[in-house]
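Undergrad: Data: structure.txt, compact mmCIF, C-alpha atoms.
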# COMPACT_ATOMS: atom_id res chain seq x y z
CA MET A 1 0.00 0.00 0.00
CA ILE A 2 1.27 3.45 -0.87
CA LEU A 3 -0.04 6.30 1.29
CA GLY A 4 1.06 9.91 0.66
CA GLY A 5 4.09 8.71 -1.28
CA ARG A 6 5.32 6.47 1.66
CA ARG A 7 5.04 2.69 1.62
CA GLY A 8 3.67 1.08 4.84
CA PHE A 9 2.97 -2.53 5.98
CA THR A 10 -0.03 -4.53 5.17
CA LEU A 11 -1.96 -6.22 7.98
CA ALA A 12 -0.74 -9.58 6.78
CA GLU A 13 2.89 -8.41 6.93
CA THR A 14 2.44 -7.00 10.43
CA LEU A 15 0.77 -10.19 11.66
CA LEU A 16 3.51 -12.33 10.14
CA ALA A 17 6.20 -10.15 11.77
CA MET A 18 4.44 -10.40 15.13
CA VAL A 19 4.11 -14.18 14.88
CA LEU A 20 7.78 -14.48 13.93
CA LEU A 21 8.74 -12.19 16.81
CA LEU A 22 6.69 -14.28 19.22
CA MET A 23 8.27 -17.49 17.96
CA VAL A 24 11.82 -16.09 18.28
CA SER A 25 11.05 -14.57 21.71
CA GLY A 26 9.54 -17.86 22.89
CA SER A 27 12.58 -19.82 21.73
CA VAL A 28 14.98 -17.36 23.36
CA TYR A 29 12.97 -17.45 26.58
CA ARG A 30 13.01 -21.25 26.67
CA VAL A 31 16.79 -21.32 26.08
CA LEU A 32 17.21 -18.70 28.79
CA LEU A 33 15.11 -20.66 31.28
CA SER A 34 16.90 -23.94 30.63
CA THR A 35 20.28 -22.20 30.91
CA VAL A 36 19.27 -20.66 34.24
CA ARG A 37 18.17 -24.07 35.51
CA LEU A 38 21.36 -25.71 34.26
CA THR A 39 23.53 -23.03 35.84
CA ARG A 40 21.82 -23.30 39.20
CA SER A 41 21.89 -27.08 39.08
CA GLN A 42 25.60 -27.18 38.23
CA THR A 43 26.46 -24.60 40.88
CA GLU A 44 24.56 -26.62 43.47
CA HIS A 45 26.24 -29.82 42.30
CA ILE A 46 29.72 -28.29 42.44
CA ALA A 47 29.12 -26.87 45.93
CA LEU A 48 27.78 -30.22 47.11
CA GLN A 49 30.74 -32.18 45.71
CA SER A 50 33.19 -29.71 47.22
CA ASN A 51 31.51 -29.86 50.63
CA VAL A 52 31.32 -33.66 50.69
CA ARG A 53 35.01 -33.83 49.78
CA GLY A 54 35.87 -31.30 52.49
CA ALA A 55 33.90 -33.25 55.10
CA ALA A 56 35.70 -36.48 54.15
CA LEU A 57 39.05 -34.68 54.51
CA VAL A 58 38.11 -33.40 57.98
CA ALA A 59 37.03 -36.90 59.05
CA GLY A 60 40.30 -38.37 57.72
CA ASN A 61 42.47 -35.79 59.46
CA GLU A 62 40.62 -36.26 62.73
CA LEU A 63 40.80 -40.06 62.79
CA ARG A 64 44.03 -41.01 60.98
CA GLU A 65 46.43 -40.57 63.93
CA LEU A 66 44.42 -42.52 66.50
CA SER A 67 45.90 -45.40 68.44
CA THR A 68 44.24 -48.69 69.31
CA ALA A 69 45.69 -51.75 71.03
CA ALA A 70 43.88 -55.01 71.67
CA GLY A 71 43.91 -55.59 75.41
CA GLY A 72 45.61 -52.25 75.92
CA ASN A 73 44.88 -49.88 78.76
CA GLY A 74 42.87 -46.66 78.54
CA ALA A 75 45.90 -44.57 77.61
CA GLN A 76 46.63 -46.81 74.61
CA ASN A 77 43.16 -46.63 73.10
CA ASP A 78 41.99 -43.38 71.57
CA LEU A 79 38.56 -44.59 70.49
CA LEU A 80 36.20 -43.77 73.33
CA SER A 81 32.89 -44.92 71.87
CA LEU A 82 31.72 -46.27 68.52
CA GLY A 83 28.37 -45.94 66.79
CA PRO A 84 26.98 -46.24 63.26
CA ASN A 85 26.64 -42.47 62.91
CA ALA A 86 28.70 -41.10 65.81
CA ILE A 87 32.19 -41.62 67.15
CA SER A 88 34.04 -40.13 70.11
CA TYR A 89 37.80 -40.22 70.31
CA ARG A 90 40.97 -38.50 71.47
CA ALA A 91 41.83 -36.09 68.68
CA MET A 92 45.53 -35.25 68.41
CA ARG A 93 46.08 -31.49 68.38
CA GLY A 94 49.85 -31.18 68.59
CA PHE A 95 53.20 -32.86 69.17
CA GLY A 96 56.52 -31.75 70.60
CA TYR A 97 59.33 -32.78 72.92
CA THR A 98 60.57 -31.16 76.10
CA CYS A 99 63.73 -29.07 76.00
CA GLN A 100 64.47 -28.89 79.75
CA THR A 101 64.10 -30.97 82.89
CA LEU A 102 62.11 -28.95 85.42
CA GLY A 103 60.21 -29.68 88.63
CA PRO A 104 57.46 -32.29 89.05
CA GLY A 105 54.65 -31.83 86.54
CA LEU A 106 56.37 -28.96 84.72
CA LEU A 107 57.13 -29.20 80.98
CA ARG A 108 58.87 -26.81 78.63
CA ILE A 109 58.71 -27.34 74.86
CA SER A 110 60.72 -25.29 72.38
CA ARG A 111 58.57 -23.56 69.77
CA SER A 112 60.82 -24.99 67.05
CA ALA A 113 60.07 -28.50 68.35
CA PHE A 114 56.33 -28.03 68.73
CA PHE A 115 54.14 -28.98 65.79
CA ALA A 116 50.51 -27.95 66.13
CA TYR A 117 47.87 -25.83 64.47
CA ARG A 118 47.01 -24.13 67.75
CA ASP A 119 48.45 -23.75 71.25
CA PRO A 120 47.23 -26.09 73.98
CA GLN A 121 44.30 -24.85 76.06
CA PRO A 122 44.23 -25.65 79.79
CA GLY A 123 41.02 -27.36 80.86
CA ARG A 124 40.22 -28.33 77.30
CA ASP A 125 43.36 -30.21 76.23
CA SER A 126 45.29 -33.00 77.90
CA ALA A 127 48.79 -34.33 77.35
CA LEU A 128 50.17 -37.77 76.58
CA LEU A 129 53.78 -38.22 77.73
CA TYR A 130 56.06 -40.97 76.50
CA VAL A 131 57.86 -42.50 79.42
CA SER A 132 60.91 -44.54 78.45
CA GLY A 133 60.69 -47.89 80.14
CA MET A 134 63.14 -49.38 82.57
CA PRO A 135 64.81 -51.73 82.29
CA THR A 136 63.74 -52.58 78.72
CA PRO A 137 62.12 -50.51 75.94
CA ALA A 138 59.20 -52.94 76.09
CA ASP A 139 58.20 -51.32 79.37
CA SER A 140 57.88 -47.91 77.72
CA GLY A 141 54.49 -46.32 77.28
CA TRP A 142 52.34 -43.22 77.21
CA ILE A 143 50.69 -41.71 80.26
CA THR A 144 47.88 -39.16 80.23
CA ALA A 145 47.61 -35.97 82.28
CA GLY A 146 45.32 -32.94 82.14
CA ILE A 147 46.87 -29.56 81.38
CA ILE A 148 46.39 -27.25 84.38
CA ALA A 149 48.13 -24.11 83.12
CA LEU A 150 50.03 -22.81 80.11
CA SER A 151 52.58 -20.05 79.64
CA SER A 152 53.53 -19.09 76.12
CA SER A 153 56.21 -16.57 77.06
CA SER A 154 58.94 -18.80 78.46
CA THR A 155 62.26 -19.75 76.89
CA CYS A 156 64.46 -22.81 76.64
CA GLY A 157 68.15 -22.83 77.57
CA GLY A 158 69.58 -20.62 74.83
CA GLY A 159 66.78 -18.04 74.98
CA GLU A 160 64.78 -19.95 72.39
CA PRO A 161 61.00 -19.21 72.59
CA ALA A 162 59.10 -21.99 74.31
CA ILE A 163 55.75 -22.87 75.85
CA SER A 164 55.48 -24.16 79.41
CA LEU A 165 52.81 -26.60 80.55
CA THR A 166 51.80 -27.34 84.11
CA LEU A 167 50.51 -30.86 84.68
CA PRO A 168 49.59 -32.57 87.97
CA ALA A 169 52.74 -32.88 90.11
CA GLY A 170 51.91 -36.54 90.65
CA ILE A 171 53.39 -37.46 87.27
CA GLY A 172 56.84 -36.61 88.66
CA THR A 173 59.80 -34.99 86.95
CA VAL A 174 59.68 -35.15 83.16
CA PRO A 175 63.15 -35.52 81.62
CA SER A 176 64.36 -33.42 78.69
CA GLY A 177 63.59 -34.97 75.29
CA THR A 178 60.28 -36.51 76.39
CA PRO A 179 57.76 -36.70 73.51
CA VAL A 180 54.50 -34.92 74.34
CA ARG A 181 51.23 -35.21 72.45
CA ILE A 182 48.39 -32.76 72.99
CA TYR A 183 44.86 -34.08 72.59
CA GLU A 184 41.23 -33.34 73.33
CA ALA A 185 38.21 -35.63 73.50
CA MET A 186 36.00 -35.01 70.46
CA GLU A 187 32.79 -36.30 68.98
CA LEU A 188 32.04 -36.54 65.28
CA ALA A 189 28.37 -37.24 64.71
CA ALA A 190 25.30 -36.77 62.55
CA TYR A 191 22.68 -34.67 64.29
CA GLN A 192 19.31 -33.12 63.49
CA ALA A 193 18.61 -29.38 63.58
CA ASP A 194 15.94 -27.26 61.87
CA GLY A 195 14.38 -30.40 60.44
CA GLN A 196 17.54 -31.42 58.58
CA TRP A 197 20.50 -33.70 59.25
CA TRP A 198 24.02 -32.29 59.64
CA LEU A 199 27.51 -33.62 60.23
CA GLY A 200 28.90 -31.96 63.35
CA LEU A 201 31.97 -31.87 65.52
CA ARG A 202 32.24 -30.94 69.19
CA SER A 203 34.84 -30.94 71.92
CA LEU A 204 33.72 -33.23 74.73
CA SER A 205 36.54 -31.90 76.90
CA SER A 206 35.23 -28.34 76.81
CA GLY A 207 31.57 -29.38 76.80
CA GLU A 208 30.77 -27.14 73.84
CA ALA A 209 27.67 -27.54 71.69
CA ILE A 210 28.00 -29.45 68.44
CA GLN A 211 28.99 -27.31 65.45
CA PRO A 212 28.08 -28.20 61.86
CA ILE A 213 30.94 -28.97 59.49
CA PHE A 214 28.82 -30.22 56.59
CA GLY A 215 25.22 -30.45 55.58
CA PRO A 216 22.47 -31.01 54.94
CA LEU A 217 22.93 -34.76 54.90
CA ALA A 218 20.57 -37.21 53.27
CA THR A 219 17.76 -38.18 55.66
CA THR A 220 18.70 -41.85 55.62
CA GLU A 221 22.29 -43.08 55.67
CA GLY A 222 23.62 -39.52 55.54
CA PHE A 223 26.65 -40.34 57.67
CA ARG A 224 27.71 -43.94 58.19
CA LEU A 225 30.69 -45.36 60.03
CA ALA A 226 31.86 -48.96 59.81
CA TYR A 227 34.73 -50.37 61.84
CA SER A 228 37.11 -53.15 60.80
CA ASP A 229 39.64 -55.19 62.73
CA ALA A 230 43.02 -56.51 61.56
CA ALA A 231 41.34 -59.23 59.48
CA GLN A 232 39.07 -56.63 57.81
CA MET A 233 36.09 -58.09 59.68
CA ALA A 234 33.45 -55.79 61.17
CA THR A 235 33.93 -55.06 64.86
CA VAL A 236 32.33 -52.89 67.54
CA VAL A 237 35.15 -53.29 70.07
CA PRO A 238 37.12 -50.00 70.16
CA SER A 239 40.48 -51.60 70.97
CA LEU A 240 40.23 -53.97 67.96
CA VAL A 241 39.54 -51.29 65.36
CA LYS A 242 42.29 -50.91 62.73
CA SER A 243 40.41 -49.01 60.04
CA ILE A 244 37.24 -46.96 59.77
CA SER A 245 35.04 -46.68 56.70
CA VAL A 246 33.31 -43.30 56.43
CA THR A 247 30.39 -42.73 54.06
CA ILE A 248 28.99 -39.23 53.65
CA ARG A 249 25.83 -38.68 51.61
CA GLY A 250 25.03 -35.04 51.04
CA THR A 251 21.85 -33.66 49.59
CA GLY A 252 20.86 -30.45 47.85
CA VAL A 253 18.06 -28.80 45.89
CA ASN A 254 17.67 -30.13 42.37
CA TYR A 255 16.98 -27.23 39.99
CA ASP A 256 16.99 -29.51 36.97
CA ASN A 257 13.38 -30.43 36.17
CA SER A 258 14.45 -33.63 34.43
CA SER A 259 14.40 -35.46 37.75
CA ALA A 260 12.09 -35.10 40.72
CA ALA A 261 14.64 -36.58 43.15
CA PRO A 262 16.78 -34.22 45.25
CA LEU A 263 20.41 -33.75 44.31
CA SER A 264 22.61 -36.31 46.06
CA GLU A 265 26.34 -36.91 46.32
CA VAL A 266 28.01 -39.85 48.07
CA LEU A 267 31.64 -40.22 49.08
CA SER A 268 33.12 -43.23 50.87
CA THR A 269 36.61 -43.35 52.26
CA GLN A 270 38.57 -45.93 54.23
CA ILE A 271 40.79 -44.51 56.97
CA ALA A 272 43.58 -46.77 58.20
CA LEU A 273 44.56 -45.89 61.77
CA LYS A 274 48.28 -45.11 61.56
CA ASN A 275 48.94 -45.93 65.21
CA ALA A 276 46.85 -49.09 65.50
CA GLN A 277 48.88 -51.93 67.00
CA TYR A 278 48.78 -55.29 65.26
CA MET B 1 13.26 -5.71 17.69
CA ALA B 2 13.72 -9.47 17.43
CA LEU B 3 17.42 -9.01 16.72
CA ALA B 4 17.81 -6.75 19.75
CA LEU B 5 15.99 -9.27 21.93
CA ALA B 6 18.08 -12.13 20.61
CA LEU B 7 21.27 -10.16 21.26
CA PHE B 8 20.13 -9.36 24.81
CA ALA B 9 19.35 -13.02 25.46
CA LEU B 10 22.69 -14.05 24.00
CA ILE B 11 24.48 -11.67 26.36
CA ILE B 12 22.58 -13.10 29.34
CA VAL B 13 23.23 -16.68 28.28
CA GLY B 14 26.88 -15.85 27.59
CA GLY B 15 27.21 -14.36 31.08
CA MET B 16 25.72 -17.46 32.63
CA VAL B 17 27.95 -19.80 30.65
CA SER B 18 30.97 -17.71 31.72
CA GLY B 19 29.83 -17.88 35.35
CA ASN B 20 29.45 -21.63 35.05
CA PHE B 21 32.88 -21.90 33.51
CA LEU B 22 34.35 -19.88 36.40
CA MET B 23 32.64 -22.14 38.95
CA GLY B 24 34.03 -25.18 37.17
CA LEU B 25 37.49 -23.64 37.17
CA LEU B 26 37.30 -22.96 40.91
CA GLU B 27 36.12 -26.53 41.52
CA GLN B 28 38.96 -27.85 39.39
CA ARG B 29 41.47 -25.77 41.36
CA SER B 30 40.03 -26.95 44.68
CA GLY B 31 40.31 -30.58 43.55
CA ARG B 32 43.83 -29.97 42.26
CA ASN B 33 44.91 -28.46 45.60
CA ILE B 34 43.66 -31.54 47.44
CA LEU B 35 45.55 -33.73 44.98
CA LEU B 36 48.77 -31.73 45.53
CA VAL B 37 48.48 -31.93 49.33
CA THR B 38 47.82 -35.67 49.08
CA GLU B 39 50.84 -36.15 46.81
CA ALA B 40 53.10 -34.24 49.21
CA SER B 41 51.75 -36.10 52.26
CA GLU B 42 52.15 -39.50 50.63
CA LEU B 43 55.71 -38.73 49.54
CA ALA B 44 56.61 -37.55 53.07
CA GLN B 45 55.02 -40.72 54.47
CA GLY B 46 56.91 -42.99 52.05
CA GLU B 47 60.16 -41.20 52.80
CA LEU B 48 59.82 -42.02 56.52
CA TRP B 49 60.18 -45.71 55.79
CA GLN B 50 63.00 -45.01 53.35
CA ILE B 51 64.89 -43.28 56.17
CA VAL B 52 64.19 -46.15 58.57
CA SER B 53 65.67 -48.61 56.09
CA GLU B 54 68.72 -46.58 55.11
CA VAL B 55 69.92 -44.96 58.36
CA SER B 56 72.56 -46.99 60.17
CA GLY B 57 72.50 -47.68 63.91
CA PRO B 58 76.11 -46.61 64.59
CA GLY B 59 75.48 -43.31 62.82
CA LEU B 60 72.53 -42.57 65.10
CA VAL B 61 74.36 -43.52 68.28
CA ALA B 62 76.94 -40.85 67.45
CA LEU B 63 74.24 -38.15 67.62
CA PRO B 64 74.23 -36.06 70.81
CA VAL B 65 71.14 -36.48 73.01
CA GLY B 66 69.02 -33.33 72.75
CA GLY B 67 71.35 -31.86 70.15
CA ALA B 68 70.55 -30.29 66.81
CA PRO B 69 68.73 -32.53 64.30
CA LEU B 70 70.84 -34.43 61.79
CA ASP B 71 69.96 -33.28 58.27
CA LEU B 72 69.81 -36.31 55.99
CA GLY B 73 69.57 -34.24 52.82
CA PRO B 74 66.90 -34.39 50.15
CA GLY B 75 67.24 -38.14 49.40
CA THR B 76 66.42 -39.40 45.92
CA PRO B 77 65.60 -36.36 43.75
CA ARG B 78 62.01 -36.31 42.53
CA PRO B 79 60.97 -33.83 39.87
CA GLY B 80 58.51 -31.27 41.22
CA PHE B 81 59.22 -32.01 44.89
CA TRP B 82 61.54 -30.72 47.56
CA LEU B 83 62.29 -33.03 50.48
CA GLN B 84 63.60 -32.31 53.95
CA ARG B 85 64.64 -35.29 56.07
CA LYS B 86 65.91 -35.01 59.63
CA VAL B 87 66.63 -37.20 62.62
CA VAL B 88 66.85 -35.90 66.17
CA ARG B 89 67.96 -37.93 69.17
CA LEU B 90 65.50 -37.27 72.00
CA ALA B 91 66.85 -39.69 74.60
CA ASP B 92 69.45 -42.41 74.89
CA ASN B 93 67.44 -44.77 72.68
CA LEU B 94 64.68 -42.64 71.25
CA PHE B 95 64.82 -40.90 67.88
CA LEU B 96 62.36 -38.71 66.00
CA ILE B 97 62.50 -38.96 62.22
CA GLN B 98 60.95 -36.01 60.39
CA SER B 99 60.05 -35.98 56.73
CA ARG B 100 58.65 -32.93 54.96
CA ALA B 101 57.74 -32.98 51.26
CA THR B 102 56.92 -29.80 49.36
CA ARG B 103 55.23 -29.82 45.95
CA LEU B 104 56.68 -27.18 43.65
CA ASP B 105 55.47 -25.64 40.42
CA GLY B 106 57.63 -25.19 37.33
CA ALA B 107 59.10 -21.94 38.66
CA GLY B 108 59.99 -23.50 42.02
CA ALA B 109 57.18 -21.86 44.02
CA GLN B 110 55.59 -23.90 46.81
CA LEU B 111 52.19 -25.40 46.02
CA ALA B 112 51.56 -27.77 48.93
CA THR B 113 53.40 -29.32 51.86
CA GLY B 114 53.02 -32.54 53.83
CA ALA B 115 55.00 -33.35 56.98
CA VAL B 116 55.02 -36.45 59.14
CA GLY B 117 57.23 -37.93 61.85
CA LEU B 118 58.04 -41.30 63.34
CA LEU B 119 59.27 -42.07 66.86
CA THR B 120 61.83 -44.85 66.63
CA HIS B 121 64.32 -46.76 68.73
CA LEU B 122 67.26 -49.06 68.07
CA VAL B 123 66.76 -52.75 68.68
CA PRO B 124 69.27 -55.60 68.30
CA ASP B 125 68.99 -57.50 65.03
CA SER B 126 69.84 -61.15 65.49
CA ALA B 127 70.41 -61.69 61.76
CA SER B 128 73.02 -58.99 61.28
CA ALA B 129 74.29 -58.86 64.87
CA SER B 130 73.88 -55.09 64.77
CA GLN B 131 71.15 -52.64 65.75
CA VAL B 132 68.28 -51.67 63.48
CA LEU B 133 65.89 -48.76 63.71
CA LEU B 134 62.22 -49.63 64.37
CA PRO B 135 59.13 -47.60 65.33
CA ILE B 136 58.33 -47.60 69.05
CA GLY B 137 55.50 -49.91 70.08
CA GLN B 138 52.78 -47.29 70.66
CA ARG B 139 51.79 -44.08 68.87
CA ALA B 140 54.93 -43.94 66.74
CA TRP B 141 53.37 -42.08 63.81
CA VAL B 142 53.07 -38.33 64.22
CA GLN B 143 51.29 -35.74 62.09
CA LEU B 144 53.50 -32.67 61.87
CA TYR B 145 52.19 -29.28 60.85
Please, can you express the file's structure as structure tokens?

TA:
Amino acid sequence: MILGGRRGFTLAETLLAMVLLLMVSGSVYRVLLSTVRLTRSQTEHIALQSNVRGAALVAGNELRELSTAAGGNGAQNDLLSLGPNAISYRAMRGFGYTCQTLGPGLLRISRSAFFAYRDPQPGRDSALLYVSGMPTPADSGWITAGIIALSSSSTCGGGEPAISLTLPAGIGTVPSGTPVRIYEAMELAAYQADGQWWLGLRSLSSGEAIQPIFGPLATTEGFRLAYSDAAQMATVVPSLVKSISVTIRGTGVNYDNSSAAPLSEVLSTQIALKNAQY
Amino acid sequence: MALALALFALIIVGGMVSGNFLMGLLEQRSGRNILLVTEASELAQGELWQIVSEVSGPGLVALPVGGAPLDLGPGTPRPGFWLQRKVVRLADNLFLIQSRATRLDGAGAQLATGAVGLLTHLVPDSASASQVLLPIGQRAWVQLY
């Protein structure tokens, strides 16, 4: 149609353009929506995988250094109680050796010979001391003692920075060169809060409330522990445990409409106890 | 109009794909860091037993009690790693072996470190009539930081 010397659009052309525009817009919108869903789903999946892996690392680091000994005494066994979704144990928090012989119950450890990610805390941490046996090395062993006080401003012989620990005087004089381990009683467990399951960690020594380290867990079998003895047979006796199998099953929101099931990620790891006695 | 809309949508989709790519990259880096730490820790762990097998009893007895650690050098060179191996005599018959492995990048910068220790003592070996180094009976393995 020509109107006043200018050419316009016919109704048919306008309708066709609008239909085409709608079709293109609809396609673009659908692509956009699916991309948004995919992005959210992948982000959720990545976060879930990363968290499950982090939780497995924490569990491994907490449990790897534990000691067990069949028929051993309390000081030799670090596993305090076992359960299918909870475990309490002596968690190692540091290691060092004394640099001076002081009075009964007094220890001094050079900073350069102390390996820990934090300083000991009186009341919360305890110490394990290696006492060389007499007359034979077979009589050697570790004894436990609570830490009463700590001073982080002392020095060893040559003015080297050191930390001083005060233990009960009843343990006697501790000779120079005595290995000292710092530990605290911990619990690693699945627990329920706000209607969801979480993997948590708490210090039994300090009596603190459980803190989440990973979650939410799957409602069933979210955190499973299985204990094996030297023959790789299942056991529930703490002193017989040589390895612990940890299974963590995390869950998340599934933004992908292709499946109605919630997002799930499972990681199993076998932790061999480095200080288990065979 | 349709072209403008399509371009706008393409920009949005492109941004999302880039964001996704970045998330994937971060995840890949996180996984790689864990792998590097594991490599370093495993090498340090393996080196402990290497030291136990190669250090001689008479050499250890010559160490002063409570003295400075004996530096055993880097051991067998391994590309991409730097090793520190030490033995310190804590008491008359008590030794702490320390092994620290550091993962390096191509330029020699530190990527990850693993350090472990082993409390050992000398025991008579009936086969060789000499003394051999063995881990103590309880809690010999030590995680160092």

Undergrad: Which residues come within 8 Å of Ile213 (chain A), counting only C-alpha atoms, excluding same-chain residues fewer than 4 positions away, as a ChimeraX atom specification?

TA: /A:55,198-201

Undergrad: When you look at region 50-57 of chain B with a cut-off of 9 Å (counting only C-alpha atoms), what residues show up, excluding the ones that are within fewer than 6 positions of it in the same chain? I need them as a list in words.

TA: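 So the residues in contact are Leu72, Gly75, Arg85, Ile97, Ser99, Thr120, Leu122, Ser130, Gln131, Val132, Leu133, Leu134 and Pro135 of chain B.
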
Undergrad: Would you give me, as a list of chain:residue names, the residues of chain B that come within 6 Å of chain A, using all atoms listed in the file?

TA: B:Ala2, B:Leu90, B:Ala91, B:Arg139, B:Leu144, B:Tyr145

Undergrad: Just how far from CA of Leu82 (chain A) is CA of Gln138 (chain B), in Å to one decimal?

TA: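 Pair CA of Gln138 (chain B) / CA of Leu82 (chain A) returns 21.2 Å.
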
Undergrad: I need the residue nearest Ala113 (chain A) from this list: B:Pro74, B:Gly67, B:Gly15, B:Pro124. Use only C-alpha atoms for the distance.

TA: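 Checking each of B:Pro74, B:Gly67, B:Gly15, B:Pro124 against Ala113 (chain A), counting only C-alpha atoms, the winner is B:Gly67.
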
Undergrad: Using only C-alpha atoms, can you tell me which of A:Leu48, A:Val131, A:Leu263, A:Val237 comes closest to Gly172 (chain A)?

TA: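 Checking each of A:Leu48, A:Val131, A:Leu263, A:Val237 against Gly172 (chain A), counting only C-alpha atoms, the winner is A:Val131.
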
Undergrad: Using all atoms listed in the file, which of B:Val87, B:Gly80, B:Met1, B:His121 sits nearest Gly108 (chain B)?

TA: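 For Gly108 (chain B), the nearest of the candidates is B:Gly80.
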
Undergrad: Per residue of region 52-131 of chain B within 8 Å of region 29-45 of chain B, note the shortest atom pair and the distance in Å to one decimal, counting only C-alpha atoms, and order the rows by chain and increasing residue number, as a Markdown table.

TA:
| residue | atom | partner | partner_atom | distance |
| --- | --- | --- | --- | --- |
| B:Phe81 | CA | B:Ala40 | CA | 7.8 |
| B:Leu83 | CA | B:Ala44 | CA | 7.7 |
| B:Ser99 | CA | B:Ala44 | CA | 5.3 |
| B:Arg100 | CA | B:Ala44 | CA | 5.4 |
| B:Ala101 | CA | B:Ala44 | CA | 5.0 |
| B:Thr102 | CA | B:Ala40 | CA | 5.9 |
| B:Arg103 | CA | B:Ala40 | CA | 5.9 |
| B:Leu111 | CA | B:Leu36 | CA | 7.2 |
| B:Ala112 | CA | B:Val37 | CA | 5.2 |
| B:Thr113 | CA | B:Ala40 | CA | 5.6 |
| B:Gly114 | CA | B:Ser41 | CA | 4.1 |
| B:Ala115 | CA | B:Ala44 | CA | 6.0 |
| B:Val116 | CA | B:Gln45 | CA | 6.3 |

Undergrad: Quick one: everything within 7 Å of Val266 (chain A), counting all atoms listed in the file, minus sequence neighbours fewer than 3 positions away in the same chain. Send it as a PyMOL selection string.

TA: chain A and resi 248-250

Undergrad: Using CA of Asn51 (chain A) and CA of Ser264 (chain A) as the two end points, give the distance in Å to one decimal.

TA: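 Calculated distance between CA of Asn51 (chain A) and CA of Ser264 (chain A) is 11.9 Å.
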
Undergrad: Using CA of Ala91 (chain A) and CA of Ser243 (chain A) as the two end points, give the distance in Å to one decimal.

TA: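 Going from CA of Ala91 (chain A) over to CA of Ser243 (chain A), I get 15.6 Å.
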
Undergrad: Please identify all polymer residues within 12 Å of Ala189 (chain A), counting all atoms listed in the file, omitting same-chain residues fewer than 4 positions from it, and present them as an MDAnalysis selection string.

TA: chainID A and resid 55 59 81:89 197:203 209:215 217 222:225 246 248

Undergrad: Return the single residue from B:Ser126, B:Leu48, B:Pro77, B:Gly137 that is closest to Leu96 (chain B), with distances computed using all atoms listed in the file.

TA: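 Result for the nearest residue to Leu96 (chain B): B:Leu48.
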
Undergrad: Determine the nearest neighbour of Ser41 (chain A) from the options B:Gln110, B:Ala9, B:Ile136, B:Met23, counting all atoms listed in the file.

TA: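 Nearest to Ser41 (chain A): B:Met23.
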
Undergrad: I want to know what sits within 6 Å of Ser245 (chain A), based on all atoms listed in the file, with residues of the same chain fewer than 3 positions away left out; could you give that as number ranges by chain?

TA: A: 225-226, 269-270
